[in-house]
Amino acid sequence: MKNKKFLIGVLAVLLIVALSAGVTMAKKPKVEENLGGFKDGIRINTETVKKGELQTEISSSGKLEAKDTHVIYAEASNKIIGIHKKIGDAVKKGEVILTLDTDTQQKTQKQLETLALQLKASEESLGQLVTGGTQSEILAAQSAVVQTQKNEQDARDLVDTQKTNLENVQRDFKNQKKDYEVATQLFSEGLISQKEMDDEKTKWTSATQKLESTQTAIASAQKSIEAIAIQKEAAEYNLGLLLNQIQDPNKKQKITAKQAEIKNLQTQIFNSKNDLKKSGTQVMAPIDGIITQVPTEEGMPIASGAALVKILDPSKLIIKCAIAPYYAADLKVDLSVKIKYTGSTTIELEGKVTKVLPVNADSTNIPIEIEVLNPNNAVGSGFVVDIKIITNMKENVFMVPVSATIKDTDDTTYVFVIKEDGTLEKRKVTPGVNNGTNVEVDDVTDGEVLAANPAGFLKEGMKVSYSLPSVTK
């Protein structure tokens, strides 16, 4: 009896479990083993919401160039007698690149010594010519001549001023004379008072006196000019005596010629000293770098000003390229740049935009300059590289493929989210950063499954089926 009751109890429990399982299975959509959603639903492709870093970029290419290039020019004519480096060699600052002939340096030194002796002899000769007075007497006489010249000019300026003033005074005098004559006539006819007549007479008298004083001042200034001219002549005569110019008319010419000779010698000495400084026998590297130009033939002459050596600094590289005007609003200085060289091996470098230049007349493209921040010895000047200018970057954002979004007729953006029960939810989202492939959106969560390339026939609540990303066995 007891066994019979036990068996009945076990069967009852099994029946309850089976009924519960049946109810649960009835609530879930019927699916194939590798499908999600409803087996009989519309089959769609899917995308997944991801969370991470999203950036927009501008792609282009350009050639690596050295930012700093130093050219060494020949500072004097010479001859190369030794070449110690070749194109492509690395050099350190101070290393000898070329050796020059010493003949030029020795010739310049001898020429300088000869010029110094000639200058000394010319100065002594000039001293012998100028013996009419002491140095202080000559300076005083020269000062007197200059002063009389100034006085004469001042007096002439005064006469010119007084003559201009005289024209104004004469005009006022004529006008006042007419006024006085009119007043006299009016007074005789009893048309003006005695006071008015007296006032006009006073004005007439003042105008007359002013005219006379101005004429007197002009006459006085002209006499001053005559007196000053005599003083100037005396001063010049005195200076001529001190310089021995009066006694020997030819001496002045000799002195002038000797002074010009001394000036010319001084100029030659100055130039020779500079040439001596420049006529070194070694050409040394002014910076660390790589040689890109150097003479190849020993014994060849070089002319002053000729470019001898060119050195570039490989540690400072730039890229110049042109960007389409479509991106004008996105370009600015200090934007980060990804640089990539693809050869037998791929090398990636970092950079930044250092210049955004105005558009020139020959092109509508925008010239920019990029500085390489971490130069690599394996990639140098002349290599063509691909660049990506990062115009915007956001971290920890939810993003979906652009193709997974769709717009309503009112320009509202939305996505179709596949719910756990296999139906579609039409969800409005606000787009943000868009790099052409993925777009930042809100109101989604990481890992949510979306309809890929949603078509217009998809509707809210529609049952769908889709391939699962992976099948757990």
# chains A, B, ... in the order shown; residues from 1 in each chain; ligands from 1
>>> select_by_dssp(residues="region 265-358 of chain A", states="strand (DSSP E)", output="JSON, numbers by chain")
{"A": [282, 283, 284, 289, 290, 291, 292, 293, 301, 302, 307, 308, 309, 310, 311, 312, 317, 318, 319, 320, 321, 322, 323, 336, 337, 338, 339, 340, 341, 342, 346, 347, 348, 349, 350, 351, 352, 353, 354, 355, 356]}
>>> residues_around(residues="region 418-430 of chain A", least_positions_apart="6", cutoff="6 Å", atoms="only C-alpha atoms", output="PDB file with C-alpha atoms, in the first residue's frame")
ATOM      1  CA  GLY A  37      14.058  35.353 -32.894  1.00  0.00           C
ATOM      2  CA  PHE A  38      11.090  33.640 -34.560  1.00  0.00           C
ATOM      3  CA  VAL A 441      24.263  57.374 -30.861  1.00  0.00           C
ATOM      4  CA  ASP A 442      22.458  57.673 -27.542  1.00  0.00           C
ATOM      5  CA  VAL A 449      21.438  43.695 -31.445  1.00  0.00           C
ATOM      6  CA  LEU A 450      20.156  45.902 -34.286  1.00  0.00           C
ATOM      7  CA  GLU A 460       7.557  48.295 -34.695  1.00  0.00           C
ATOM      8  CA  GLY A 461       6.682  44.889 -33.139  1.00  0.00           C
ATOM      9  CA  MET A 462       7.480  42.898 -36.303  1.00  0.00           C
ATOM     10  CA  LYS A 463       8.710  39.321 -35.654  1.00  0.00           C
ATOM     11  CA  VAL A 464      12.122  38.565 -37.128  1.00  0.00           C
TER      12      VAL A 464
END
>>> atom_distance(atom1="CA of Leu166 (chain A)", atom2="CA of Gln215 (chain A)")
7.2 Å
>>> select_by_dssp(residues="region 230-363 of chain A", states="helix (DSSP H, G or I)", output="JSON, numbers by chain")
{"A": [230, 231, 232, 233, 234, 235, 236, 237, 238, 239, 240, 241, 242, 249, 250, 251, 252, 253, 254, 255, 256, 257, 258, 259, 260, 261, 262, 263, 264, 265, 266, 267, 268, 269, 270, 271, 272, 273, 274, 275, 276, 277, 278, 325, 326, 327, 328, 329, 330]}
>>> write_last_selection(atoms="C-alpha atoms", output="compact mmCIF listing (two decimals), in the first residue's frame")
# COMPACT_ATOMS: atom_id res chain seq x y z
CA ILE A 230 82.89 139.28 -44.79
CA GLN A 231 83.24 137.23 -41.58
CA LYS A 232 82.88 133.97 -43.52
CA GLU A 233 85.49 135.04 -46.03
CA ALA A 234 87.86 135.86 -43.19
CA ALA A 235 87.21 132.50 -41.48
CA GLU A 236 87.78 130.59 -44.70
CA TYR A 237 90.93 132.57 -45.37
CA ASN A 238 92.22 131.75 -41.87
CA LEU A 239 91.49 128.06 -42.34
CA GLY A 240 93.27 128.12 -45.70
CA LEU A 241 96.31 129.61 -44.05
CA LEU A 242 96.36 126.90 -41.39
CA PRO A 249 97.12 126.26 -54.49
CA ASN A 250 98.15 122.72 -55.43
CA LYS A 251 98.46 121.57 -51.85
CA LYS A 252 94.71 121.39 -51.32
CA GLN A 253 94.39 119.03 -54.23
CA LYS A 254 97.25 116.91 -52.91
CA ILE A 255 95.68 116.75 -49.46
CA THR A 256 92.30 115.73 -50.90
CA ALA A 257 93.94 113.02 -53.02
CA LYS A 258 95.92 111.69 -50.05
CA GLN A 259 92.79 111.59 -47.88
CA ALA A 260 90.98 109.59 -50.57
CA GLU A 261 93.98 107.25 -50.81
CA ILE A 262 93.93 106.63 -47.05
CA LYS A 263 90.18 105.91 -47.11
CA ASN A 264 90.64 103.40 -49.93
CA LEU A 265 93.45 101.62 -48.07
CA GLN A 266 91.33 101.41 -44.93
CA THR A 267 88.53 99.79 -46.94
CA GLN A 268 90.94 97.26 -48.46
CA ILE A 269 92.32 96.36 -45.04
CA PHE A 270 88.81 95.86 -43.66
CA ASN A 271 87.91 93.55 -46.55
CA SER A 272 91.18 91.62 -46.27
CA LYS A 273 90.62 90.98 -42.57
CA ASN A 274 87.20 89.58 -43.37
CA ASP A 275 88.67 87.43 -46.14
CA LEU A 276 91.30 86.14 -43.71
CA LYS A 277 88.59 85.05 -41.29
CA LYS A 278 86.76 83.28 -44.10
CA PRO A 325 38.63 72.48 -49.42
CA TYR A 326 35.72 70.29 -48.22
CA TYR A 327 37.65 69.87 -44.95
CA ALA A 328 38.46 73.57 -44.46
CA ALA A 329 36.34 73.90 -41.31
CA ASP A 330 38.00 70.83 -39.71
>>> residues_around(residues="Asp411 (chain A)", least_positions_apart="2", cutoff="12 Å", atoms="only C-alpha atoms", output="MDAnalysis selection string")
chainID A and resid 405:409 413:414 428:431
>>> residues_around(residues="region 376-392 of chain A", least_positions_apart="3", cutoff="6 Å", atoms="only C-alpha atoms", output="list in words")
Gln55, Thr56, Glu57, Ile58, Ser59, Ser60, Ser61, Gly62, Lys63, Leu64, Glu65, Ala66, Ser336, Val337, Lys338, Ile339, Lys340 and Tyr341 of chain A
>>> write_last_selection(atoms="N, CA and C atoms", output="tab-separated table (two decimals), in the first residue's frame")
chain	number	residue	atom	x	y	z
A	55	GLN	N	36.58	58.11	-33.78
A	55	GLN	CA	37.29	59.30	-34.27
A	55	GLN	C	36.97	59.55	-35.73
A	56	THR	N	37.06	60.86	-36.09
A	56	THR	CA	36.93	61.26	-37.49
A	56	THR	C	38.30	61.67	-37.99
A	57	GLU	N	38.54	61.45	-39.25
A	57	GLU	CA	39.89	61.70	-39.77
A	57	GLU	C	39.84	62.13	-41.24
A	58	ILE	N	40.93	62.77	-41.66
A	58	ILE	CA	41.13	63.16	-43.05
A	58	ILE	C	42.33	62.39	-43.57
A	59	SER	N	42.16	61.67	-44.66
A	59	SER	CA	43.25	60.86	-45.23
A	59	SER	C	43.92	61.61	-46.37
A	60	SER	N	45.24	61.46	-46.44
A	60	SER	CA	46.00	62.06	-47.53
A	60	SER	C	47.35	61.37	-47.59
A	61	SER	N	48.26	61.91	-48.37
A	61	SER	CA	49.62	61.37	-48.45
A	61	SER	C	50.58	62.51	-48.74
A	62	GLY	N	51.83	62.27	-48.50
A	62	GLY	CA	52.84	63.30	-48.74
A	62	GLY	C	54.23	62.72	-48.64
A	63	LYS	N	55.21	63.55	-48.89
A	63	LYS	CA	56.61	63.12	-48.86
A	63	LYS	C	57.30	63.69	-47.63
A	64	LEU	N	58.05	62.84	-46.96
A	64	LEU	CA	58.83	63.30	-45.81
A	64	LEU	C	59.97	64.21	-46.27
A	65	GLU	N	60.12	65.34	-45.56
A	65	GLU	CA	61.20	66.28	-45.86
A	65	GLU	C	61.89	66.66	-44.56
A	66	ALA	N	63.14	67.05	-44.68
A	66	ALA	CA	63.85	67.56	-43.50
A	66	ALA	C	63.38	68.96	-43.18
A	336	SER	N	46.26	65.96	-34.10
A	336	SER	CA	47.11	64.77	-34.12
A	336	SER	C	47.05	64.11	-35.50
A	337	VAL	N	48.18	63.48	-35.87
A	337	VAL	CA	48.27	62.85	-37.19
A	337	VAL	C	48.89	61.46	-37.03
A	338	LYS	N	48.28	60.49	-37.70
A	338	LYS	CA	48.84	59.14	-37.79
A	338	LYS	C	49.57	59.03	-39.13
A	339	ILE	N	50.84	58.63	-39.09
A	339	ILE	CA	51.67	58.56	-40.30
A	339	ILE	C	52.07	57.10	-40.51
A	340	LYS	N	51.93	56.65	-41.75
A	340	LYS	CA	52.19	55.24	-42.03
A	340	LYS	C	53.03	55.09	-43.30
A	341	TYR	N	54.14	54.36	-43.16
A	341	TYR	CA	54.96	54.02	-44.33
A	341	TYR	C	54.80	52.54	-44.61
>>> atom_distance(atom1="CA of Ile302 (chain A)", atom2="CA of Glu113 (chain A)")
24.9 Å
>>> residues_around(residues="Leu186 (chain A)", least_positions_apart="6", cutoff="12 Å", atoms="only C-alpha atoms", output="PyMOL selection string")
chain A and resi 179-180+192-194+196-197+200
>>> residues_around(residues="Val96 (chain A)", least_positions_apart="4", cutoff="10 Å", atoms="only C-alpha atoms", output="list in words")
Gly82, Ile83, His84, Lys85, Val91, Lys92, Gln282, Val283, Met284, Ala285 and Pro286 of chain A
>>> write_last_selection(atoms="C-alpha atoms", output="tab-separated table (two decimals), in the first residue's frame")
chain	number	residue	atom	x	y	z
A	82	GLY	CA	90.63	66.83	-49.40
A	83	ILE	CA	87.09	65.35	-49.30
A	84	HIS	CA	86.36	63.36	-46.13
A	85	LYS	CA	82.63	62.64	-46.44
A	91	VAL	CA	78.14	63.72	-39.52
A	92	LYS	CA	78.40	65.25	-36.08
A	282	GLN	CA	88.69	73.27	-43.10
A	283	VAL	CA	84.96	73.06	-43.78
A	284	MET	CA	83.24	71.59	-40.72
A	285	ALA	CA	79.69	70.43	-40.09
A	286	PRO	CA	77.68	73.14	-38.28
>>> atom_distance(atom1="CA of Val159 (chain A)", atom2="CA of Ile218 (chain A)")
5.8 Å
>>> residues_around(residues="Thr292 (chain A)", least_positions_apart="2", cutoff="8 Å", atoms="only C-alpha atoms", output="ChimeraX atom specification")
/A:87-88,290,294,309-312
>>> closest_residue(among="A:Asp334, A:Glu395, A:Glu350, A:Glu75", to="Ile368 (chain A)", atoms="only C-alpha atoms")
A:Asp334
